[in-house]
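Reproduced below: my_file.tsv, with TSV, C-alpha atoms.
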chain	number	residue	atom	x	y	z
A	1232	MET	CA	7.88	-2.79	9.63
A	1233	ARG	CA	7.18	-0.83	6.50
A	1234	LYS	CA	6.31	2.79	6.16
A	1235	ARG	CA	2.78	2.97	4.98
A	1236	LEU	CA	2.62	6.73	5.02
A	1237	LEU	CA	3.04	7.12	1.29
A	1238	LEU	CA	4.45	5.51	-1.73
A	1239	LEU	CA	4.25	7.90	-4.64
A	1240	ALA	CA	7.58	9.66	-5.15
A	1241	GLY	CA	6.05	12.09	-7.61
A	1242	ALA	CA	3.87	13.44	-4.81
A	1243	ALA	CA	6.56	13.40	-2.18
A	1244	VAL	CA	6.94	17.15	-1.90
A	1245	ALA	CA	3.23	17.67	-1.46
A	1246	LEU	CA	2.83	14.77	0.91
A	1247	GLY	CA	5.69	15.91	3.07
A	1248	ALA	CA	4.40	19.44	3.13
A	1249	ALA	CA	0.98	18.17	4.13
A	1250	ALA	CA	2.60	16.37	6.99
A	1251	ILE	CA	4.34	19.51	8.19
A	1252	ILE	CA	1.23	21.65	8.26
A	1253	GLY	CA	-0.89	18.90	9.74
A	1254	LEU	CA	-3.12	18.32	6.74
A	1255	GLY	CA	-3.13	14.58	7.30
A	1256	SER	CA	-5.08	12.96	10.10
A	1257	GLY	CA	-3.50	11.72	13.29
A	1258	SER	CA	-3.71	8.17	12.08
A	1259	ALA	CA	-0.82	6.45	10.36
A	1260	ALA	CA	-1.18	6.95	6.66
A	1261	ASP	CA	-3.93	4.61	5.52
A	1262	HIS	CA	-4.86	3.35	8.96
A	1263	GLY	CA	-8.30	4.70	9.70
A	1264	ASP	CA	-8.02	7.20	6.86
A	1265	ALA	CA	-11.78	7.73	6.56
A	1266	PRO	CA	-14.66	7.85	9.05
A	1267	LEU	CA	-16.15	4.57	7.87
A	1268	THR	CA	-12.87	2.67	8.14
A	1269	LYS	CA	-12.35	3.82	11.72
A	1270	ASN	CA	-15.49	1.94	12.70
A	1271	ASN	CA	-14.72	-1.14	10.59
A	1272	ASN	CA	-11.20	-2.20	11.52
A	1273	ALA	CA	-11.39	-5.62	9.85
A	1274	GLU	CA	-12.08	-3.91	6.52
A	1275	ASP	CA	-9.68	-0.98	7.01
A	1276	ILE	CA	-6.96	-1.37	4.36
A	1277	ALA	CA	-3.51	-0.46	5.65
A	1278	ASP	CA	-1.41	-1.27	2.56
A	1279	VAL	CA	-1.53	-2.83	-0.89
A	1280	TYR	CA	1.57	-4.33	-2.52
A	1281	ALA	CA	2.58	-5.92	-5.81
A	1282	PHE	CA	5.93	-7.61	-6.41
A	1283	GLU	CA	7.73	-10.57	-7.93
A	1284	GLY	CA	7.80	-13.71	-5.81
A	1285	ASP	CA	10.62	-16.18	-5.44
A	1286	SER	CA	9.07	-18.39	-8.12
A	1287	GLY	CA	8.84	-15.59	-10.68
A	1288	ASN	CA	5.09	-15.28	-10.22
A	1289	THR	CA	3.45	-12.04	-9.10
A	1290	VAL	CA	2.55	-11.49	-5.46
A	1291	PHE	CA	-0.29	-9.29	-4.24
A	1292	VAL	CA	-0.60	-8.37	-0.58
A	1293	MET	CA	-3.36	-6.53	1.26
A	1294	THR	CA	-2.99	-5.74	4.96
A	1295	VAL	CA	-5.97	-4.77	7.11
A	1296	ALA	CA	-6.84	-4.36	10.80
A	1297	GLY	CA	-3.62	-2.55	11.63
A	1298	LEU	CA	-2.19	-1.52	15.01
A	1299	ALA	CA	-2.96	-4.96	16.46
A	1300	MET	CA	-1.08	-5.55	19.70
A	1301	PRO	CA	0.67	-8.90	20.27
A	1302	GLY	CA	-1.82	-11.29	21.77
A	1303	ALA	CA	-4.78	-9.74	19.97
A	1304	THR	CA	-6.61	-12.08	17.60
A	1305	PRO	CA	-8.48	-9.96	15.06
A	1306	ALA	CA	-10.55	-11.77	12.45
A	1307	PHE	CA	-11.46	-11.11	8.85
A	1308	GLY	CA	-15.06	-10.07	8.30
A	1309	ALA	CA	-17.20	-13.15	7.76
A	1310	ASP	CA	-19.72	-11.09	5.81
A	1311	SER	CA	-17.17	-8.98	3.95
A	1312	ASN	CA	-15.52	-9.16	0.54
A	1313	TYR	CA	-11.83	-8.39	0.09
A	1314	GLN	CA	-10.91	-7.61	-3.52
A	1315	PHE	CA	-7.73	-7.19	-5.53
A	1316	ARG	CA	-8.94	-5.41	-8.67
A	1317	ILE	CA	-6.60	-5.50	-11.66
A	1318	ASP	CA	-6.75	-3.37	-14.80
A	1319	ASN	CA	-4.73	-4.90	-17.64
A	1320	ASP	CA	-5.64	-2.64	-20.57
A	1321	GLY	CA	-5.11	0.88	-19.26
A	1322	ASP	CA	-8.67	2.13	-18.88
A	1323	ALA	CA	-8.72	2.18	-15.04
A	1324	VAL	CA	-11.52	-0.40	-15.07
A	1325	PRO	CA	-10.90	-3.83	-13.53
A	1326	ASP	CA	-10.54	-6.71	-15.98
A	1327	VAL	CA	-9.70	-9.39	-13.42
A	1328	THR	CA	-10.70	-9.33	-9.75
A	1329	TYR	CA	-9.61	-11.71	-7.03
A	1330	ASN	CA	-12.43	-11.98	-4.48
A	1331	VAL	CA	-11.43	-13.29	-1.04
A	1332	THR	CA	-14.16	-14.21	1.44
A	1333	PHE	CA	-14.16	-15.79	4.88
A	1334	GLY	CA	-16.33	-17.92	7.11
A	1335	ALA	CA	-16.92	-17.42	10.82
A	1336	LYS	CA	-14.08	-18.06	13.25
A	1337	ASP	CA	-14.16	-21.52	14.80
A	1338	SER	CA	-13.17	-22.49	18.35
A	1339	GLY	CA	-9.54	-22.80	17.27
A	1340	GLY	CA	-9.46	-19.36	15.70
A	1341	LYS	CA	-9.51	-20.56	12.07
A	1342	GLN	CA	-11.75	-19.24	9.34
A	1343	ASP	CA	-12.58	-20.90	6.04
A	1344	VAL	CA	-11.25	-18.81	3.14
A	1345	THR	CA	-12.20	-18.86	-0.54
A	1346	LEU	CA	-10.45	-17.17	-3.46
A	1347	GLN	CA	-12.50	-16.57	-6.61
A	1348	ARG	CA	-11.43	-15.03	-9.90
A	1349	ALA	CA	-13.97	-12.82	-11.65
A	1350	THR	CA	-13.60	-11.34	-15.15
A	1351	GLY	CA	-15.50	-8.99	-17.42
A	1352	ALA	CA	-18.43	-7.13	-15.89
A	1353	ALA	CA	-18.27	-9.34	-12.80
A	1354	ALA	CA	-14.79	-7.97	-12.06
A	1355	ASP	CA	-16.35	-4.55	-11.46
A	1356	SER	CA	-18.93	-5.81	-8.98
A	1357	LEU	CA	-18.80	-5.66	-5.20
A	1358	SER	CA	-20.40	-9.09	-5.04
A	1359	ALA	CA	-18.12	-12.05	-4.50
A	1360	GLY	CA	-18.16	-14.47	-7.39
A	1361	GLY	CA	-16.31	-15.90	-10.34
A	1362	ASP	CA	-14.46	-19.16	-10.75
A	1363	THR	CA	-13.30	-20.70	-7.50
A	1364	VAL	CA	-9.50	-20.88	-7.59
A	1365	VAL	CA	-8.44	-21.84	-4.06
A	1366	THR	CA	-10.24	-22.88	-0.90
A	1367	GLY	CA	-8.65	-23.44	2.47
A	1368	GLU	CA	-8.34	-21.92	5.90
A	1369	THR	CA	-6.70	-19.01	7.64
A	1370	THR	CA	-3.67	-19.26	9.88
A	1371	PRO	CA	-4.82	-18.55	13.45
A	1372	GLY	CA	-2.70	-16.47	15.78
A	1373	THR	CA	1.01	-17.15	15.54
A	1374	ASP	CA	0.75	-20.66	14.06
A	1375	SER	CA	3.03	-21.59	11.17
A	1376	PRO	CA	1.68	-20.22	7.88
A	1377	ILE	CA	-0.99	-22.35	6.25
A	1378	VAL	CA	-0.40	-22.24	2.49
A	1379	ASN	CA	-3.54	-22.93	0.49
A	1380	GLU	CA	-2.71	-23.80	-3.11
A	1381	ASP	CA	-4.57	-24.93	-6.20
A	1382	ASN	CA	-4.65	-24.20	-9.93
A	1383	GLY	CA	-1.12	-22.79	-9.75
A	1384	VAL	CA	-2.21	-20.08	-7.29
A	1385	LYS	CA	-1.20	-19.72	-3.62
A	1386	LEU	CA	-3.28	-18.08	-0.92
A	1387	PHE	CA	-2.45	-17.10	2.66
A	1388	ALA	CA	-4.59	-15.21	5.15
A	1389	GLY	CA	-3.75	-14.55	8.77
A	1390	LEU	CA	-1.94	-12.51	11.39
A	1391	ARG	CA	1.48	-11.13	10.41
A	1392	ASP	CA	4.03	-8.54	11.46
A	1393	ASP	CA	3.18	-5.06	10.19
A	1394	PRO	CA	5.85	-4.09	7.61
A	1395	PHE	CA	5.40	-0.36	8.25
A	1396	PHE	CA	8.22	1.52	10.00
A	1397	PHE	CA	8.26	5.20	10.86
A	1398	ASP	CA	8.97	7.61	13.75
A	1399	LEU	CA	5.37	8.76	13.97
A	1400	ASN	CA	5.75	10.57	17.30
A	1401	ALA	CA	8.62	12.67	15.96
A	1402	PHE	CA	6.62	13.37	12.83
A	1403	LYS	CA	3.63	14.58	14.85
A	1404	ALA	CA	5.92	16.69	17.04
A	1405	GLY	CA	6.78	18.97	14.12
A	1406	LEU	CA	9.31	16.75	12.35
A	1407	ALA	CA	11.38	16.64	15.54
A	1408	PHE	CA	13.38	13.66	14.32
A	1409	ARG	CA	16.11	12.26	16.52
A	1410	ASN	CA	19.04	9.93	16.01
A	1411	PRO	CA	18.43	7.13	16.57
A	1412	GLY	CA	14.79	7.35	15.61
A	1413	ASN	CA	12.02	5.40	17.27
A	1414	ASP	CA	9.73	3.15	15.23
A	1415	PHE	CA	6.19	3.74	16.45
A	1416	PHE	CA	5.01	0.55	14.71
A	1417	ASN	CA	7.68	-1.78	16.04
A	1418	GLY	CA	6.08	-4.92	17.42
A	1419	LEU	CA	2.58	-4.38	16.04
A	1420	ASN	CA	0.65	-6.79	13.83
A	1421	VAL	CA	-1.82	-6.74	10.95
A	1422	LEU	CA	-4.05	-9.21	9.17
A	1423	ALA	CA	-2.60	-10.02	5.74
A	1424	ILE	CA	-4.04	-11.57	2.60
A	1425	VAL	CA	-1.32	-12.80	0.23
A	1426	ILE	CA	-1.93	-14.15	-3.28
A	1427	GLU	CA	0.77	-15.45	-5.61
A	1428	ALA	CA	-0.29	-16.13	-9.19
A	1429	PRO	CA	1.24	-16.57	-12.65
A	1430	SER	CA	1.16	-13.33	-14.59
A	1431	ASP	CA	-0.96	-14.87	-17.33
A	1432	ASP	CA	-3.68	-15.35	-14.71
A	1433	PHE	CA	-4.40	-11.61	-14.67
A	1434	LEU	CA	-2.75	-10.17	-17.82
A	1435	ASP	CA	-4.52	-10.20	-21.16
A	1436	GLY	CA	-1.57	-11.61	-23.10
A	1437	SER	CA	-0.91	-8.52	-25.20
A	1438	SER	CA	0.83	-6.47	-22.51
A	1439	THR	CA	2.94	-6.97	-19.41
A	1440	LYS	CA	1.56	-3.82	-17.76
A	1441	ALA	CA	-1.20	-3.66	-15.19
A	1442	GLY	CA	-2.50	-1.77	-12.19
A	1443	VAL	CA	-3.99	-3.04	-8.94
A	1444	TRP	CA	-6.07	-1.57	-6.15
A	1445	GLY	CA	-7.77	-3.06	-3.12
A	1446	ILE	CA	-11.42	-2.74	-2.11
A	1447	THR	CA	-13.19	-3.97	0.99
A	1448	SER	CA	-16.96	-4.06	1.16
A	1449	ARG	CA	-19.85	-5.45	3.16
A	1450	ASP	CA	-23.49	-5.90	2.13
A	1451	GLY	CA	-22.79	-4.23	-1.20
A	1452	ALA	CA	-21.28	-1.10	0.35
A	1453	VAL	CA	-17.63	-0.04	0.01
A	1454	ILE	CA	-15.74	0.31	3.29
A	1455	ASP	CA	-12.29	1.17	1.92
A	1456	ARG	CA	-10.27	1.31	-1.28
A	1457	MET	CA	-6.59	1.88	-1.88
A	1458	GLY	CA	-4.02	1.80	-4.67
A	1459	ARG	CA	-1.08	4.02	-3.76
A	1460	PRO	CA	-0.68	4.85	-0.09
A	1461	ALA	CA	-1.88	8.13	1.39
A	1462	ILE	CA	-3.75	9.54	-1.60
A	1463	ASN	CA	-7.00	9.70	0.35
A	1464	THR	CA	-5.26	10.42	3.65
A	1465	VAL	CA	-3.40	13.52	2.51
A	1466	PHE	CA	-5.22	14.98	-0.48
A	1467	ILE	CA	-8.89	14.46	0.28
A	1468	PRO	CA	-10.70	16.51	2.98
A	1469	GLU	CA	-12.06	14.62	5.97
A	1470	ALA	CA	-15.70	15.16	4.99
A	1471	SER	CA	-15.07	13.67	1.53
A	1472	LYS	CA	-12.93	10.64	2.39
A	1473	ASP	CA	-15.76	8.09	2.39
A	1474	ALA	CA	-17.02	9.53	-0.90
A	1475	PHE	CA	-13.53	9.15	-2.38
A	1476	ASN	CA	-13.42	5.51	-1.30
A	1477	ASN	CA	-16.74	4.96	-3.06
A	1478	THR	CA	-15.49	6.45	-6.33
A	1479	LYS	CA	-14.24	4.11	-9.04
A	1480	PRO	CA	-10.69	4.85	-10.27
A	1481	ALA	CA	-12.02	5.46	-13.78
A	1482	ASP	CA	-13.93	8.42	-12.32
A	1483	ASP	CA	-11.13	9.77	-10.13
A	1484	VAL	CA	-9.92	12.41	-12.55
A	1485	ALA	CA	-13.35	13.80	-13.35
A	1486	THR	CA	-14.52	13.72	-9.74
A	1487	TRP	CA	-11.47	14.53	-7.64
A	1488	LYS	CA	-8.85	16.31	-9.74
A	1489	SER	CA	-10.07	19.78	-8.76
A	1490	THR	CA	-9.96	18.78	-5.08
A	1491	VAL	CA	-6.43	17.45	-5.37
A	1492	VAL	CA	-5.33	20.54	-7.31
A	1493	ALA	CA	-6.78	22.75	-4.57
A	1494	THR	CA	-4.83	20.82	-1.95
A	1495	LEU	CA	-1.63	21.07	-3.98
A	1496	ASN	CA	-2.14	24.81	-4.40
A	1497	SER	CA	-2.68	25.22	-0.67
A	1498	LEU	CA	0.66	23.52	-0.11
A	1499	GLY	CA	2.47	25.65	-2.65
A	1500	SER	CA	3.11	22.56	-4.74
A	1501	ASP	CA	2.88	22.03	-8.50
A	1502	PRO	CA	-0.80	21.44	-9.32
A	1503	ALA	CA	0.31	19.32	-12.29
A	1504	LEU	CA	1.11	16.61	-9.76
A	1505	ALA	CA	-2.62	15.89	-9.64
A	1506	ASP	CA	-2.19	14.07	-12.94
A	1507	ALA	CA	0.38	11.80	-11.30
A	1508	LEU	CA	-1.78	11.09	-8.27
A	1509	LEU	CA	-4.96	10.08	-10.06
A	1510	PRO	CA	-6.37	7.58	-10.74
A	1511	ASP	CA	-5.44	5.94	-7.44
A	1512	ILE	CA	-3.95	2.73	-8.86
A	1513	LEU	CA	-0.67	0.97	-8.02
A	1514	THR	CA	0.89	0.33	-11.43
A	1515	PHE	CA	3.50	-2.24	-12.41
A	1516	ASP	CA	5.11	-3.98	-15.37
A	1517	THR	CA	5.95	-7.66	-14.92
A	1518	SER	CA	8.61	-7.57	-17.65
A	1519	MET	CA	10.80	-5.28	-15.57
A	1520	PRO	CA	12.40	-5.69	-12.15
A	1521	MET	CA	9.59	-4.72	-9.82
A	1522	ASN	CA	11.01	-1.82	-7.87
A	1523	PHE	CA	9.07	1.22	-6.82
A	1524	LEU	CA	7.79	3.08	-8.83
A	1525	ASN	CA	7.16	-0.23	-10.61
A	1526	GLY	CA	4.97	-1.87	-7.99
A	1527	ARG	CA	5.60	-1.79	-4.26
A	1528	ALA	CA	7.78	-3.87	-1.96
A	1529	LEU	CA	7.87	-4.68	1.72
A	1530	THR	CA	11.30	-3.18	2.29
A	1531	ASP	CA	10.87	0.27	0.71
A	1532	ASP	CA	11.84	3.22	2.89
A	1533	VAL	CA	9.89	5.92	1.10
A	1534	ILE	CA	9.60	8.31	4.04
A	1535	ASP	CA	13.31	9.08	3.95
A	1536	GLY	CA	13.03	9.90	0.27
A	1537	GLU	CA	10.16	12.27	0.91
A	1538	LEU	CA	12.03	13.99	3.72
A	1539	GLN	CA	14.98	14.44	1.38
A	1540	LEU	CA	12.73	16.00	-1.24
A	1541	ILE	CA	10.95	18.44	1.07
A	1542	THR	CA	14.12	19.55	2.85
A	1543	GLY	CA	16.48	19.57	-0.14
A	1544	ASN	CA	18.84	17.50	2.01
A	1545	SER	CA	19.88	14.29	0.29
A	1546	ALA	CA	20.74	12.73	3.67
A	1547	ALA	CA	17.58	13.70	5.57
A	1548	SER	CA	16.06	10.80	7.47
A	1549	ASP	CA	13.76	9.88	10.32
A	1550	ASN	CA	16.62	7.55	11.31
A	1551	VAL	CA	14.38	4.50	11.45
A	1552	SER	CA	15.16	1.40	9.43
A	1553	ASN	CA	13.23	-1.75	8.75
A	1554	ASP	CA	12.94	-3.91	11.86
A	1555	SER	CA	11.03	-6.78	10.28
A	1556	THR	CA	12.39	-10.15	9.24
A	1557	PHE	CA	10.67	-10.96	5.97
A	1558	LEU	CA	10.45	-14.46	4.58
A	1559	GLY	CA	12.27	-15.43	1.41
A	1560	GLU	CA	9.31	-17.50	0.33
A	1561	PHE	CA	5.53	-17.39	0.41
A	1562	PRO	CA	3.83	-15.68	2.24
A	1563	TYR	CA	6.82	-13.28	2.50
A	1564	VAL	CA	5.34	-11.04	5.21
A	1565	GLY	CA	7.11	-11.53	8.55
A	1566	ARG	CA	5.82	-13.71	11.35
A	1567	PRO	CA	3.52	-12.00	13.85
A	1568	ASN	CA	5.00	-10.41	16.93
A	1569	THR	CA	4.51	-12.23	20.23
A	1570	ASN	CA	6.49	-10.15	22.71
A	1571	PRO	CA	4.82	-7.06	24.18
A	1572	ALA	CA	5.21	-4.15	21.79
A	1573	PRO	CA	7.69	-1.58	23.12
A	1574	THR	CA	6.19	1.72	24.21
A	1575	PRO	CA	6.96	4.34	21.55
A	1576	ILE	CA	9.23	7.09	22.85
A	1577	ALA	CA	7.71	10.55	22.68
A	1578	ALA	CA	9.63	13.19	20.77
A	1579	PRO	CA	10.16	16.72	22.07
A	1580	THR	CA	7.87	19.19	20.35
A	1581	LYS	CA	9.53	21.80	18.21
A	1582	ALA	CA	8.57	23.82	15.20
A	1583	ALA	CA	9.14	22.06	11.89
A	1584	ALA	CA	12.78	21.33	12.51
A	1585	ALA	CA	15.05	20.03	9.81
A	1586	PRO	CA	15.38	16.28	10.19
A	1587	THR	CA	18.62	14.89	11.50
A	1588	THR	CA	20.74	13.28	8.87
A	1589	ALA	CA	21.82	9.77	8.16
A	1590	PRO	CA	23.90	8.21	5.39
A	1591	ALA	CA	22.16	8.49	2.06
A	1592	PRO	CA	20.45	5.23	1.06
A	1593	ALA	CA	21.93	3.12	-1.70
A	1594	PRO	CA	20.60	3.88	-5.18
A	1595	MET	CA	17.89	1.80	-6.75
A	1596	PRO	CA	19.08	-0.90	-9.18
A	1597	GLN	CA	17.61	0.91	-12.18
A	1598	THR	CA	16.94	4.57	-12.83
A	1599	GLY	CA	14.73	6.72	-14.98
A	1600	ILE	CA	11.86	4.28	-15.36
A	1601	THR	CA	8.37	5.58	-15.83
A	1602	ALA	CA	5.34	4.18	-14.11
A	1603	PRO	CA	3.41	1.78	-16.35
A	1604	ASN	CA	0.47	3.34	-18.13
A	1605	THR	CA	-2.86	2.22	-16.73
A	1606	GLY	CA	-4.91	5.03	-18.19
A	1607	THR	CA	-6.05	8.34	-16.75
A	1608	GLY	CA	-9.70	7.52	-16.40
A	1609	ASP	CA	-10.57	10.52	-18.58
A	1610	GLY	CA	-10.56	8.76	-21.93
A	1611	SER	CA	-7.02	9.66	-22.97
A	1612	ASP	CA	-4.32	7.13	-23.75
A	1613	THR	CA	-1.53	8.49	-21.56
A	1614	ASP	CA	-0.92	8.53	-17.82
A	1615	MET	CA	-0.51	12.17	-16.67
A	1616	ASN	CA	2.52	14.21	-17.49
A	1617	ALA	CA	5.21	11.71	-18.37
A	1618	ASN	CA	7.92	14.17	-17.47
A	1619	ILE	CA	6.69	14.34	-13.89
A	1620	TRP	CA	6.97	10.58	-13.62
A	1621	LEU	CA	10.41	10.54	-15.22
A	1622	ILE	CA	11.75	13.22	-12.89
A	1623	ALA	CA	10.14	11.56	-9.88
A	1624	ALA	CA	11.56	8.20	-10.85
A	1625	VAL	CA	15.06	9.57	-11.28
A	1626	ILE	CA	14.91	11.34	-7.92
A	1627	ALA	CA	13.44	8.30	-6.25
A	1628	ALA	CA	16.05	6.05	-7.78
A	1629	ALA	CA	18.84	8.36	-6.75
A	1630	MET	CA	17.89	8.91	-3.15
A	1631	VAL	CA	14.75	7.13	-2.05
A	1632	LEU	CA	15.02	3.41	-2.41
A	1633	GLY	CA	17.73	1.27	-0.99
A	1634	GLY	CA	16.64	-2.19	-1.93
A	1635	GLY	CA	13.80	-4.42	-2.84
A	1636	ALA	CA	10.28	-3.35	-2.58
A	1637	LEU	CA	7.29	-5.48	-2.29
A	1638	VAL	CA	8.28	-5.77	-5.77
A	1639	VAL	CA	11.93	-6.28	-6.32
A	1640	ARG	CA	11.67	-9.91	-5.51
A	1641	SER	CA	10.69	-10.34	-1.97
A	1642	ARG	CA	14.00	-11.24	-0.50
A	1643	GLY	CA	14.19	-12.47	3.07
A	1644	ASN	CA	15.97	-10.01	5.36
When written as structure tokens, how does the structure in this file appear?
Amino acid sequence: MRKRLLLLAGAAVALGAAAIIGLGSGSAADHGDAPLTKNNNAEDIADVYAFEGDSGNTVFVMTVAGLAMPGATPAFGADSNYQFRIDNDGDAVPDVTYNVTFGAKDSGGKQDVTLQRATGAAADSLSAGGDTVVTGETTPGTDSPIVNEDNGVKLFAGLRDDPFFFDLNAFKAGLAFRNPGNDFFNGLNVLAIVIEAPSDDFLDGSSTKAGVWGITSRDGAVIDRMGRPAINTVFIPEASKDAFNNTKPADDVATWKSTVVATLNSLGSDPALADALLPDILTFDTSMPMNFLNGRALTDDVIDGELQLITGNSAASDNVSNDSTFLGEFPYVGRPNTNPAPTPIAAPTKAAAAPTTAPAPAPMPQTGITAPNTGTGDGSDTDMNANIWLIAAVIAAAMVLGGGALVVRSRGN
């Protein structure tokens, strides 16, 4: 299962420090990261991914309704809209939006599902609409994946294994990591929406760069939004989390930069990192191998990288590795768990101890890449401080990632 705690290497120091002093909530990264999401599990976004599929097309994944125990049969909201919003010209405004909506669950557990593609002003609306691309049905329970396909686009929706992996109990016990570590999320499930589409379906033809974020809404009201993991969870105060989710990325800098800077200052971190954190969009470039920072993959172990950064120990680790078996083909996310989830092992409480060490992960295939420019939302033409991204990318490449991410080409494990 994949660590959903955070994905942005440039913010790793701050995120790790926030974890140590307890700034983040008791929930797992983006699970229940805001008051409204805690009461709307079916619309609570756990993770958003973007990576290259086995066919060379681009894959987008949104997981919701996390922490589902084996045997549970959560359903997508029949009156909700699940959106993948894509900016393809760098202004932090969506140009293409994939709207995914569902019907009521039938006696067999299936729901009708419809994928629509909206462009222009309609792409920035919470209302479902646009050209209908694919219609079909969800995959109930642990049945074999139902692949709905039309117009060169594939769609899956249903229960899957949660890709997140992390020793949450040790983390909450003051970074009391042990060897071997214990994956709190082992055996748990999520609902996943997976779309695979040709790049020319969402790019404008003049660039290979884009950014994506997820939004869930009901009755015209936003429930959750997410681009990079843990931005809201760590950097936004509890009382403001719902307001952050209701802010459009194009307004992130103007509205939330001072808040993020204040958080960074309270952590003793470089306030310039605020320019790397906002707007909250997961950026990628389809012309390059899609490795984090360039997109996000199912197999990324970003927590180890963050621990290495905050401790200055290049071998620091929570000693937990991926326990999921991903598919080498659509829908890529592993089959749902059926055996009872093991009871997580509590960690002994101790004051912010240095993590135990493990062999340093293998280096990323490419180094020194910068995150694709998707605009700052403040009218300028550049993303933040490019040097921050370059340094973060080099560090991440050197000691964070050890393989494919939701974006290096979803390889089966």
Identify, on the basis of all atoms listed in the file, every residue whose closest approach to Gly1339 of chain A does not exceed 10 Å; exclude the query and any residue fewer than 2 positions from it along the same chain; express the result as a PyMOL selection string. chain A and resi 1336-1337+1341-1342+1371-1372
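The residue that comes closest to Lys1472 of chain A, out of A:Ile1454, A:Ala1306, A:Leu1357, A:Leu1524 and on the basis of only C-alpha atoms, is A:Ile1454.
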One number please: atom CA of Arg1316 of chain A to atom CA of Lys1440 of chain A, in Å, one decimal. 14.0 Å
Find the residues around Ala1474 of chain A up to 12 Å (all atoms listed in the file counted), leave out those fewer than 3 positions away in its own chain, and share them as a PyMOL selection string. chain A and resi 1265-1267+1452-1456+1463+1467-1471+1477-1479+1482-1483+1486-1487
Atoms kept (C-alpha atoms) for selection, written as a PDB file, in the coordinates of the input:
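Output below, filename result-v4.pdb:
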ATOM      1  CA  ALA A1265     -11.780   7.730   6.560  1.00  0.00           C
ATOM      2  CA  PRO A1266     -14.660   7.850   9.050  1.00  0.00           C
ATOM      3  CA  LEU A1267     -16.150   4.570   7.870  1.00  0.00           C
ATOM      4  CA  ALA A1452     -21.280  -1.100   0.350  1.00  0.00           C
ATOM      5  CA  VAL A1453     -17.630  -0.040   0.010  1.00  0.00           C
ATOM      6  CA  ILE A1454     -15.740   0.310   3.290  1.00  0.00           C
ATOM      7  CA  ASP A1455     -12.290   1.170   1.920  1.00  0.00           C
ATOM      8  CA  ARG A1456     -10.270   1.310  -1.280  1.00  0.00           C
ATOM      9  CA  ASN A1463      -7.000   9.700   0.350  1.00  0.00           C
ATOM     10  CA  ILE A1467      -8.890  14.460   0.280  1.00  0.00           C
ATOM     11  CA  PRO A1468     -10.700  16.510   2.980  1.00  0.00           C
ATOM     12  CA  GLU A1469     -12.060  14.620   5.970  1.00  0.00           C
ATOM     13  CA  ALA A1470     -15.700  15.160   4.990  1.00  0.00           C
ATOM     14  CA  SER A1471     -15.070  13.670   1.530  1.00  0.00           C
ATOM     15  CA  ASN A1477     -16.740   4.960  -3.060  1.00  0.00           C
ATOM     16  CA  THR A1478     -15.490   6.450  -6.330  1.00  0.00           C
ATOM     17  CA  LYS A1479     -14.240   4.110  -9.040  1.00  0.00           C
ATOM     18  CA  ASP A1482     -13.930   8.420 -12.320  1.00  0.00           C
ATOM     19  CA  ASP A1483     -11.130   9.770 -10.130  1.00  0.00           C
ATOM     20  CA  THR A1486     -14.520  13.720  -9.740  1.00  0.00           C
ATOM     21  CA  TRP A1487     -11.470  14.530  -7.640  1.00  0.00           C
TER      22      TRP A1487
END
For Gly1287 of chain A, the nearest of the candidates A:Ser1489, A:Thr1517, A:Gln1314, A:Asn1413, counting all atoms listed in the file: A:Thr1517
For atom CA of Lys1269 of chain A and atom CA of Asp1473 of chain A, the interatomic separation in Å (one decimal):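 So the answer is 10.8 Å.
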Would you kindly place N, CA and C atoms on segment 1433-1441 of chain A and return the model as a tab-separated table (two decimals), keeping the file's coordinate frame?
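And here is the file that came out, part31.tsv:
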chain	number	residue	atom	x	y	z
A	1433	PHE	N	-3.72	-12.91	-14.77
A	1433	PHE	CA	-4.40	-11.61	-14.67
A	1433	PHE	C	-4.05	-10.66	-15.82
A	1434	LEU	N	-3.04	-10.97	-16.65
A	1434	LEU	CA	-2.75	-10.17	-17.82
A	1434	LEU	C	-3.54	-10.67	-19.02
A	1435	ASP	N	-3.70	-9.80	-20.02
A	1435	ASP	CA	-4.52	-10.20	-21.16
A	1435	ASP	C	-3.70	-10.84	-22.28
A	1436	GLY	N	-2.39	-10.96	-22.11
A	1436	GLY	CA	-1.57	-11.61	-23.10
A	1436	GLY	C	-0.92	-10.68	-24.09
A	1437	SER	N	-1.47	-9.47	-24.23
A	1437	SER	CA	-0.91	-8.52	-25.20
A	1437	SER	C	-0.02	-7.48	-24.54
A	1438	SER	N	0.03	-7.46	-23.22
A	1438	SER	CA	0.83	-6.47	-22.51
A	1438	SER	C	1.31	-7.06	-21.19
A	1439	THR	N	2.41	-6.54	-20.71
A	1439	THR	CA	2.94	-6.97	-19.41
A	1439	THR	C	2.63	-5.94	-18.33
A	1440	LYS	N	1.86	-4.90	-18.68
A	1440	LYS	CA	1.56	-3.82	-17.76
A	1440	LYS	C	0.18	-3.99	-17.13
A	1441	ALA	N	0.08	-3.57	-15.88
A	1441	ALA	CA	-1.20	-3.66	-15.19
A	1441	ALA	C	-1.21	-2.69	-14.03
